[in-house]
Structure formats: C-alpha cells, structure tokens
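input_15.txt (compact mmCIF, C-alpha atoms)
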# COMPACT_ATOMS: atom_id res chain seq x y z
CA ALA A 1 141.74 130.16 94.48
CA CYS A 2 138.83 132.41 93.69
CA LEU A 3 135.28 132.00 92.42
CA LEU A 4 134.17 133.68 89.19
CA ASP A 5 130.65 134.11 87.89
CA LYS A 6 129.77 133.06 84.36
CA ASN A 7 130.81 136.48 83.07
CA GLY A 8 134.27 136.22 84.64
CA ASN A 9 133.60 138.63 87.51
CA VAL A 10 135.01 137.73 90.92
CA ALA A 11 132.22 136.36 93.09
CA LYS A 12 134.48 135.14 95.92
CA ALA A 13 137.89 136.75 96.46
CA TYR A 14 141.14 134.83 96.34
CA GLU A 15 141.96 132.71 99.35
CA THR A 16 145.26 130.98 100.07
CA ILE A 17 145.08 127.19 100.07
CA SER A 18 147.79 124.89 101.41
CA PRO A 19 148.04 121.62 99.47
CA GLY A 20 148.82 118.33 101.18
CA SER A 21 152.07 116.41 100.81
CA ASP A 22 150.59 114.65 97.80
CA GLY A 23 149.85 117.97 96.13
CA LYS A 24 146.10 117.63 96.45
CA PHE A 25 144.00 120.47 97.86
CA SER A 26 140.37 121.31 98.54
CA TRP A 27 138.51 124.58 99.01
CA LYS A 28 135.14 124.99 100.73
CA VAL A 29 133.06 127.99 99.80
CA TYR A 30 129.96 128.99 101.77
CA ASP A 31 126.96 131.31 101.33
CA ILE A 32 126.97 131.37 97.56
CA ALA A 33 123.91 132.70 95.78
CA GLU A 34 122.24 130.58 93.14
CA GLY A 35 123.88 130.94 89.76
CA THR A 36 126.56 129.66 87.39
CA TYR A 37 130.22 129.80 88.43
CA LYS A 38 133.72 128.54 87.76
CA ILE A 39 136.86 128.27 89.92
CA LYS A 40 140.14 129.94 89.05
CA VAL A 41 143.28 128.61 90.71
CA LYS A 42 146.77 130.16 90.79
CA ALA A 43 149.83 128.24 92.02
CA GLU A 44 153.40 129.35 92.78
CA ASP A 45 156.42 127.22 93.71
CA SER A 46 159.30 128.14 96.00
CA TYR A 47 161.27 129.48 93.05
CA GLY A 48 158.58 131.94 92.07
CA ASN A 49 157.29 129.97 89.09
CA LYS A 50 153.57 130.62 88.59
CA SER A 51 150.70 128.93 86.76
CA GLU A 52 146.94 129.30 86.72
CA ASN A 53 143.95 127.29 85.59
CA GLU A 54 140.18 127.71 85.33
CA GLY A 55 137.67 124.91 85.89
CA GLY A 56 134.50 124.33 83.92
CA LEU A 57 131.20 126.04 84.67
CA PHE A 58 128.97 124.62 87.41
CA THR A 59 125.58 125.65 88.79
CA VAL A 60 124.60 126.35 92.39
CA ASP A 61 120.94 125.38 92.87
CA THR A 62 119.24 125.45 96.28
CA THR A 63 115.60 125.77 95.15
CA ALA A 64 113.36 122.70 95.20
CA PRO A 65 111.40 121.84 92.05
CA THR A 66 107.71 122.78 91.96
CA SER A 67 104.67 121.41 90.18
CA THR A 68 101.01 122.15 89.80
CA LEU A 69 98.74 119.43 91.17
CA THR A 70 95.36 118.90 89.54
CA ALA A 71 92.64 116.24 89.28
CA GLU A 72 91.17 115.27 85.94
CA ASN A 73 87.47 115.01 84.96
CA GLU A 74 86.01 116.27 88.29
CA LYS A 75 86.51 112.95 90.07
CA VAL A 76 88.02 114.33 93.27
CA TYR A 77 85.86 116.10 95.90
CA ASP A 78 86.45 118.23 98.96
CA ARG A 79 84.72 117.79 102.31
CA ASP A 80 81.69 119.76 101.08
CA GLY A 81 81.21 117.42 98.13
CA SER A 82 82.40 119.99 95.57
CA ALA A 83 84.41 118.63 92.65
CA LYS A 84 87.99 119.95 92.75
CA THR A 85 90.41 120.50 89.90
CA ASP A 86 93.26 122.31 91.65
CA LEU A 87 94.54 120.31 94.61
CA ALA A 88 96.66 121.49 97.54
CA GLY A 89 99.44 119.52 99.21
CA GLY A 90 98.57 118.48 102.75
CA SER A 91 94.81 118.50 102.07
CA SER A 92 92.20 115.73 102.29
CA TYR A 93 89.86 114.69 99.48
CA TYR A 94 87.23 112.07 98.59
CA VAL A 95 86.71 109.89 95.52
CA LYS A 96 84.22 107.25 94.38
CA ASP A 97 86.51 105.44 91.95
CA ASN A 98 89.86 105.61 90.17
CA PHE A 99 91.15 109.08 89.39
CA THR A 100 93.96 110.82 87.55
CA LEU A 101 96.53 113.21 89.00
CA LYS A 102 98.41 115.51 86.66
CA GLY A 103 100.47 118.67 86.67
CA THR A 104 103.29 120.68 85.18
CA VAL A 105 106.81 120.67 86.63
CA THR A 106 108.83 123.87 86.87
CA GLU A 107 112.53 123.00 87.13
CA THR A 108 115.46 123.84 84.85
CA ASN A 109 117.70 121.12 86.28
CA PHE A 110 115.12 118.32 86.42
CA LYS A 111 116.42 114.87 87.38
CA SER A 112 113.55 112.55 88.29
CA MET A 113 109.98 112.29 89.55
CA THR A 114 107.89 109.66 91.34
CA VAL A 115 104.21 109.32 92.22
CA ASP A 116 103.63 106.90 95.11
CA GLY A 117 107.15 105.57 94.55
CA LYS A 118 106.64 104.83 90.84
CA GLU A 119 108.75 106.73 88.34
CA VAL A 120 106.95 109.21 86.12
CA THR A 121 108.58 110.95 83.15
CA PRO A 122 107.15 114.40 82.33
CA GLN A 123 106.75 115.33 78.68
CA ASN A 124 107.68 118.98 78.14
CA GLY A 125 107.09 119.44 81.86
CA SER A 126 103.61 117.86 81.88
CA TRP A 127 102.94 114.64 83.77
CA ARG A 128 99.99 112.41 84.72
CA ALA A 129 99.43 109.36 86.90
CA GLU A 130 96.45 107.02 87.21
CA ILE A 131 95.51 106.31 90.84
CA THR A 132 93.54 103.20 91.85
CA PRO A 133 92.33 103.24 95.48
CA GLU A 134 92.61 99.80 97.06
CA GLY A 135 89.59 99.99 99.35
CA GLU A 136 87.18 102.11 101.37
CA THR A 137 89.90 103.75 103.40
CA THR A 138 92.09 106.85 103.51
CA GLU A 139 95.26 106.58 101.46
CA THR A 140 98.31 108.83 101.29
CA HIS A 141 99.50 109.79 97.80
CA THR A 142 102.92 111.38 97.43
CA VAL A 143 104.51 113.23 94.51
CA VAL A 144 108.29 113.77 94.72
CA ILE A 145 110.31 115.78 92.19
CA GLU A 146 114.12 115.92 92.43
CA ASP A 147 116.57 118.14 90.60
CA LYS A 148 120.22 117.45 89.73
CA ALA A 149 121.41 119.25 92.86
CA GLY A 150 119.41 116.88 95.09
CA ASN A 151 116.70 119.40 95.99
CA LYS A 152 113.30 117.74 96.34
CA GLY A 153 109.79 119.13 95.99
CA THR A 154 107.23 116.95 97.78
CA TYR A 155 103.44 117.07 97.61
CA VAL A 156 101.23 114.85 99.80
CA ILE A 157 97.45 114.50 99.62
CA TYR A 158 95.09 112.25 101.60
CA VAL A 159 92.33 110.59 99.61
CA THR A 160 89.38 108.60 100.97
CA LYS A 161 87.38 106.31 98.72
CA ASP A 162 83.69 106.45 99.64
CA THR A 163 81.05 104.40 97.84
CA SER A 164 78.97 103.56 100.91
CA ALA A 165 75.52 105.10 101.37
CA PRO A 166 74.46 106.67 104.68
CA LEU A 167 73.08 104.50 107.47
CA LEU A 168 69.36 105.22 107.90
CA THR A 169 67.03 104.14 110.72
CA VAL A 170 63.35 105.14 110.92
CA THR A 171 61.89 105.14 114.43
CA SER A 172 58.46 106.63 113.70
CA PRO A 173 55.94 105.77 112.44
CA THR A 174 56.10 102.05 113.05
CA LYS A 175 54.78 99.66 110.43
CA GLY A 176 51.03 99.11 110.56
CA VAL A 177 50.29 101.95 112.98
CA ASN A 178 46.75 103.36 112.82
CA ALA A 179 46.85 107.16 112.82
CA ALA A 180 45.15 110.20 111.27
CA SER A 181 48.51 111.97 110.96
CA ILE A 182 52.14 110.95 111.08
CA LYS A 183 55.42 112.61 111.99
CA VAL A 184 58.44 110.84 110.51
CA ARG A 185 61.46 110.57 112.80
CA GLY A 186 64.71 108.66 112.66
CA GLN A 187 68.46 108.72 112.73
CA VAL A 188 71.05 109.01 109.98
CA SER A 189 74.83 108.82 109.89
CA ASP A 190 77.59 108.46 107.32
CA LEU A 191 81.02 106.96 107.86
CA GLY A 192 82.52 108.77 104.87
CA ILE A 193 82.15 112.29 103.52
CA GLY A 194 78.94 113.02 105.45
CA VAL A 195 75.19 113.24 104.91
CA LYS A 196 73.96 115.79 102.40
CA SER A 197 70.20 115.40 102.77
CA VAL A 198 67.29 113.24 103.93
CA THR A 199 63.99 113.31 102.04
CA CYS A 200 60.55 112.01 102.96
CA SER A 201 57.45 111.46 100.83
CA VAL A 202 54.03 110.08 101.85
CA TYR A 203 51.77 108.25 99.40
CA LYS A 204 48.17 107.04 99.52
CA ALA A 205 48.22 103.42 98.38
CA ASP A 206 45.15 102.53 96.31
CA GLY A 207 45.68 98.99 95.11
CA THR A 208 48.59 99.06 92.70
CA SER A 209 48.63 102.87 92.32
CA GLU A 210 50.14 105.46 94.63
CA THR A 211 49.15 109.10 95.01
CA GLN A 212 51.48 111.49 96.82
CA VAL A 213 50.08 113.28 99.83
CA GLY A 214 51.50 116.78 100.24
CA ASN A 215 54.98 117.78 99.11
CA THR A 216 58.25 115.92 99.45
CA GLN A 217 60.08 117.17 102.53
CA LYS A 218 63.85 117.60 102.55
CA LEU A 219 66.31 118.15 105.38
CA SER A 220 69.85 119.27 104.49
CA GLY A 221 73.07 118.82 106.43
CA VAL A 222 71.51 116.33 108.84
CA ALA A 223 73.66 114.36 111.26
CA GLY A 224 72.14 112.16 113.93
CA GLN A 225 68.45 112.40 114.73
CA PHE A 226 65.95 113.99 112.33
CA GLU A 227 62.26 114.84 112.34
CA PHE A 228 59.97 115.91 109.50
CA ASN A 229 56.86 118.07 109.73
CA GLU A 230 53.60 116.36 110.53
CA VAL A 231 51.63 114.98 107.57
CA ILE A 232 47.83 114.84 107.81
CA LEU A 233 46.23 111.72 106.36
CA ASN A 234 42.98 113.19 105.04
CA SER A 235 41.14 110.03 104.15
CA GLU A 236 40.91 106.46 105.31
CA GLY A 237 43.11 103.87 103.76
CA LYS A 238 46.68 102.62 103.58
CA TYR A 239 49.62 104.97 103.26
CA LYS A 240 53.29 104.44 102.47
CA VAL A 241 56.22 106.49 103.73
CA LYS A 242 59.36 106.57 101.56
CA ILE A 243 62.58 107.97 103.03
CA SER A 244 65.97 108.33 101.40
CA ALA A 245 69.32 109.61 102.66
CA GLN A 246 72.09 110.82 100.37
CA ASP A 247 75.69 111.66 101.13
CA LYS A 248 77.71 114.47 99.54
CA LEU A 249 79.03 112.14 96.82
CA GLY A 250 75.56 111.00 95.77
CA ASN A 251 75.61 107.61 97.49
CA LYS A 252 71.98 106.96 98.49
CA THR A 253 70.03 104.78 100.91
CA GLU A 254 66.27 104.26 100.43
CA GLU A 255 64.38 103.00 103.44
CA THR A 256 61.93 100.15 103.07
CA VAL A 257 58.37 101.41 102.65
CA ILE A 258 56.47 101.79 105.92
CA GLU A 259 52.76 101.04 105.83
CA THR A 260 50.45 103.29 107.86
CA VAL A 261 46.68 102.86 108.19
CA ASN A 262 44.13 105.62 108.71
CA ASP A 263 41.06 103.70 109.81
CA LYS A 264 38.20 105.68 111.37
CA THR A 265 35.39 103.29 110.54
CA GLY A 266 34.13 101.06 113.29
CA PRO A 267 33.34 97.43 112.74
CA SER A 268 30.00 96.55 111.13
CA ILE A 269 27.57 94.66 113.38
CA GLN A 270 24.67 92.74 112.01
CA THR A 271 21.93 91.28 114.23
CA PRO A 272 19.35 88.68 113.21
CA GLY A 273 16.08 90.30 112.02
Would you give me this structure, written as structure tokens?
Amino acid sequence: ACLLDKNGNVAKAYETISPGSDGKFSWKVYDIAEGTYKIKVKAEDSYGNKSENEGGLFTVDTTAPTSTLTAENEKVYDRDGSAKTDLAGGSSYYVKDNFTLKGTVTETNFKSMTVDGKEVTPQNGSWRAEITPEGETTETHTVVIEDKAGNKGTYVIYVTKDTSAPLLTVTSPTKGVNAASIKVRGQVSDLGIGVKSVTCSVYKADGTSETQVGNTQKLSGVAGQFEFNEVILNSEGKYKVKISAQDKLGNKTEETVIETVNDKTGPSIQTPG
C-alpha cells in the first residue's frame, strides 16, 4: 500500500502488508503533514495474479479551530475599569450586568461549538452568546470549538460581576465637633474591581441653603486610609462635610453628612441693672 496526495503523487512509499487469515489488513501511517490524501493498494496472489484499488479522498487535520472573542456594547471591563471589546483567553474581567460574547470562527472542517456547555451554531462563521451572571462572584466562561477531526479550540475567561459600592468610613471630623478648621480623614475599601476615587466637599449650612467652602477635593487610586487637605472655616456657623467614594465601574457610596460647628462667640451674660 502507498499514500497518494490529491494530485496522485506518492506521499508515502509502498510498504508490504501481510493480511490476516480472514483476508483483512490494516496499515498505520505516521508523521503525515496536513492535507488531502488517498490510499492505493496493490495485491498479488501466489499464482502471480495482481489487482489494485484506490480509496476515496480523506483529509489529515491536526490544527485546532480558532475564533475571535469580543464583548458587545462596552459592557466588559478590565482591572483598570476600561471597557474592553477584544478579549483574551485566560484573562479576568468585570461586568455590572448581563453581557454578550461574540466572535468569528476560522475552521474549514467545522463540526460543533459550545459556550458554557450550550450549543451555539455560527452563521457564516459568526456567533454570539448572551451571558447572565448569577451573582456577585467570579464565574468561568468557556468557549469550545471542535472540528471533524476532533481537534478542539478552547477559550476561557473569568468574569466578576460587581455592582457593590466601596465601603467608606469617616473617622474625622466627628459629628458636632466645634472647630475653626477641619481635616477629613477616613478609610475606604472595595471588594470588587477597586476604588477609583474619593471626593470631599465642605458646605456652609445657612438654614435650608448650602454654600460650598473652597473647592471639591479628590483623591485617586485610594486604598485603605485617606486624608484630605485642611479646610479653614472662615465664619461662625454650621458646616456640612459630604464625602463620596466611587469604584472603577462607577458604583458609588455617599457618606452621611457630618455637621461641624465653628462657634467663637462666648455666651451672653446679663446682670440685673
């Protein structure tokens, strides 16, 4: 038997095969390059009678299928909070809600495809799958593409749903403190993607109206303890401190207003005249 390529050229030279007592035989061929082939067999009996036959064409395929992997509508984010379109297998991402995976398969001998174990049928190579995270946790999502030769292309991504705002604690000033200036301190943490920024604004409270004192201060990339610059309270009265913390997905915590008093006036004493 010998192996011919699709053009009839010898790809594997003739080898002698000994059939079994039932006339059946097998031939194992190794180290064949990818391509299309057919087998040609010659047989001869003890009287010198000869015959030959050629089998049908078959394809040797050792390359796994491939696919692009993309996220639709900027709903998937990397660790820095940047929206990602092109995703990479083996990488971790964050989402706030449901999202869509899609891509284009490259495979001549396509057989089947699954996303998280559910069958997906590409149309002209293009496919899409709606993903619904089950909770605030990290989930593994797997895309598997198989060709007719049994080769598999596998893509795995790790996705964390994060809709929780940062945890914010203000340690200074305390409510009702009497001071001519304040320095806002506290602690912030985030169990998900991480804190993006903490902002602080001070307002003079005049009845029902509020007037901002100085500029809004902002700290970026904070983790753990934080401290803002000192704010001078120029006049007597009540002041409010408003603090907010935002993570890299836009989830925000706003701290309850803290009342601060700047009271420099002593008590009034009246004596009988």
Quick one: residues within 9 Å of Thr154 (chain A), all atoms listed in the file counted, chain neighbours fewer than 5 positions away excluded, as a PDB file with C-alpha atoms, in the coordinates of the input?
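This is the output file selection.pdb:
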ATOM      1  CA  ALA A  64     113.360 122.700  95.200  1.00  0.00           C
ATOM      2  CA  PRO A  65     111.400 121.840  92.050  1.00  0.00           C
ATOM      3  CA  THR A  66     107.710 122.780  91.960  1.00  0.00           C
ATOM      4  CA  GLY A  89      99.440 119.520  99.210  1.00  0.00           C
ATOM      5  CA  THR A 142     102.920 111.380  97.430  1.00  0.00           C
ATOM      6  CA  VAL A 143     104.510 113.230  94.510  1.00  0.00           C
ATOM      7  CA  VAL A 144     108.290 113.770  94.720  1.00  0.00           C
ATOM      8  CA  ILE A 145     110.310 115.780  92.190  1.00  0.00           C
ATOM      9  CA  GLU A 146     114.120 115.920  92.430  1.00  0.00           C
TER      10      GLU A 146
END
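Computed from the coordinates, the CA of Pro166 (chain A) to CA of Gly186 (chain A) distance equals 12.8 Å.
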Quick one: of A:Val105, A:Thr63, A:Asn7, A:Pro173, who's nearest to Glu227 (chain A), counting all atoms listed in the file?
A:Pro173
Got a sec: who's within 12 Å of region 107-115 of chain A, counting all atoms listed in the file, leaving out chain neighbours fewer than 6 positions off, as a ChimeraX atom specification?
/A:58-69,100-101,121-131,140-157
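Put simply, CA of Asn98 (chain A) is 14.3 Å away from CA of Leu249 (chain A).
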Taken to one decimal, the CA of Glu136 (chain A)-CA of Val95 (chain A) distance is 9.7 Å
Which residues are near region 251-260 of chain A? Cut-off 9 Å, only C-alpha atoms, ignore same chain within fewer than 2 positions. Put them as JSON, numbers by chain.
{"A": [162, 163, 164, 165, 166, 167, 168, 169, 170, 173, 174, 175, 176, 177, 178, 179, 182, 237, 238, 239, 240, 241, 242, 243, 244, 245, 246, 247, 248, 249, 262]}
Nearest residue to Gly192 (chain A) out of A:Arg79, A:Lys102, A:Lys204, A:Lys218, using only C-alpha atoms?
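For Gly192 (chain A), the nearest of the given residues is A:Arg79.
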All residues 8 Å or closer to Tyr158 (chain A), all atoms listed in the file, same chain fewer than 5 positions away omitted, as a PyMOL selection string:
chain A and resi 90-93+138-141
Keeping only C-alpha atoms, write the selected residues as a PDB file, in the frame of the given file.
ATOM      1  CA  GLY A  90      98.570 118.480 102.750  1.00  0.00           C
ATOM      2  CA  SER A  91      94.810 118.500 102.070  1.00  0.00           C
ATOM      3  CA  SER A  92      92.200 115.730 102.290  1.00  0.00           C
ATOM      4  CA  TYR A  93      89.860 114.690  99.480  1.00  0.00           C
ATOM      5  CA  THR A 138      92.090 106.850 103.510  1.00  0.00           C
ATOM      6  CA  GLU A 139      95.260 106.580 101.460  1.00  0.00           C
ATOM      7  CA  THR A 140      98.310 108.830 101.290  1.00  0.00           C
ATOM      8  CA  HIS A 141      99.500 109.790  97.800  1.00  0.00           C
TER       9      HIS A 141
END
List the neighbours of region 45-52 of chain A out to 12 Å using all atoms listed in the file; skip same-chain residues closer than 3 positions along the sequence, and give me the result as a list in words.
Ala1, Cys2, Ser18, Pro19, Gly23, Ile39, Lys40, Val41, Lys42 and Gly55 of chain A
Considering all atoms listed in the file, state which residue in the set A:Asp80, A:Ser235, A:Phe99, A:Tyr37 is at the smallest distance from Asn9 (chain A).
A:Tyr37
Between A:Val159, A:Leu219, A:Ala205, A:Val184, smallest distance to Asp78 (chain A) by only C-alpha atoms belongs to A:Val159
How would you write as an NGL selection string the residues that get within 6 Å of (94.7, 121.2, 88.1) in the file's frame, counting only C-alpha atoms?
:A and (69-71 or 85-86)
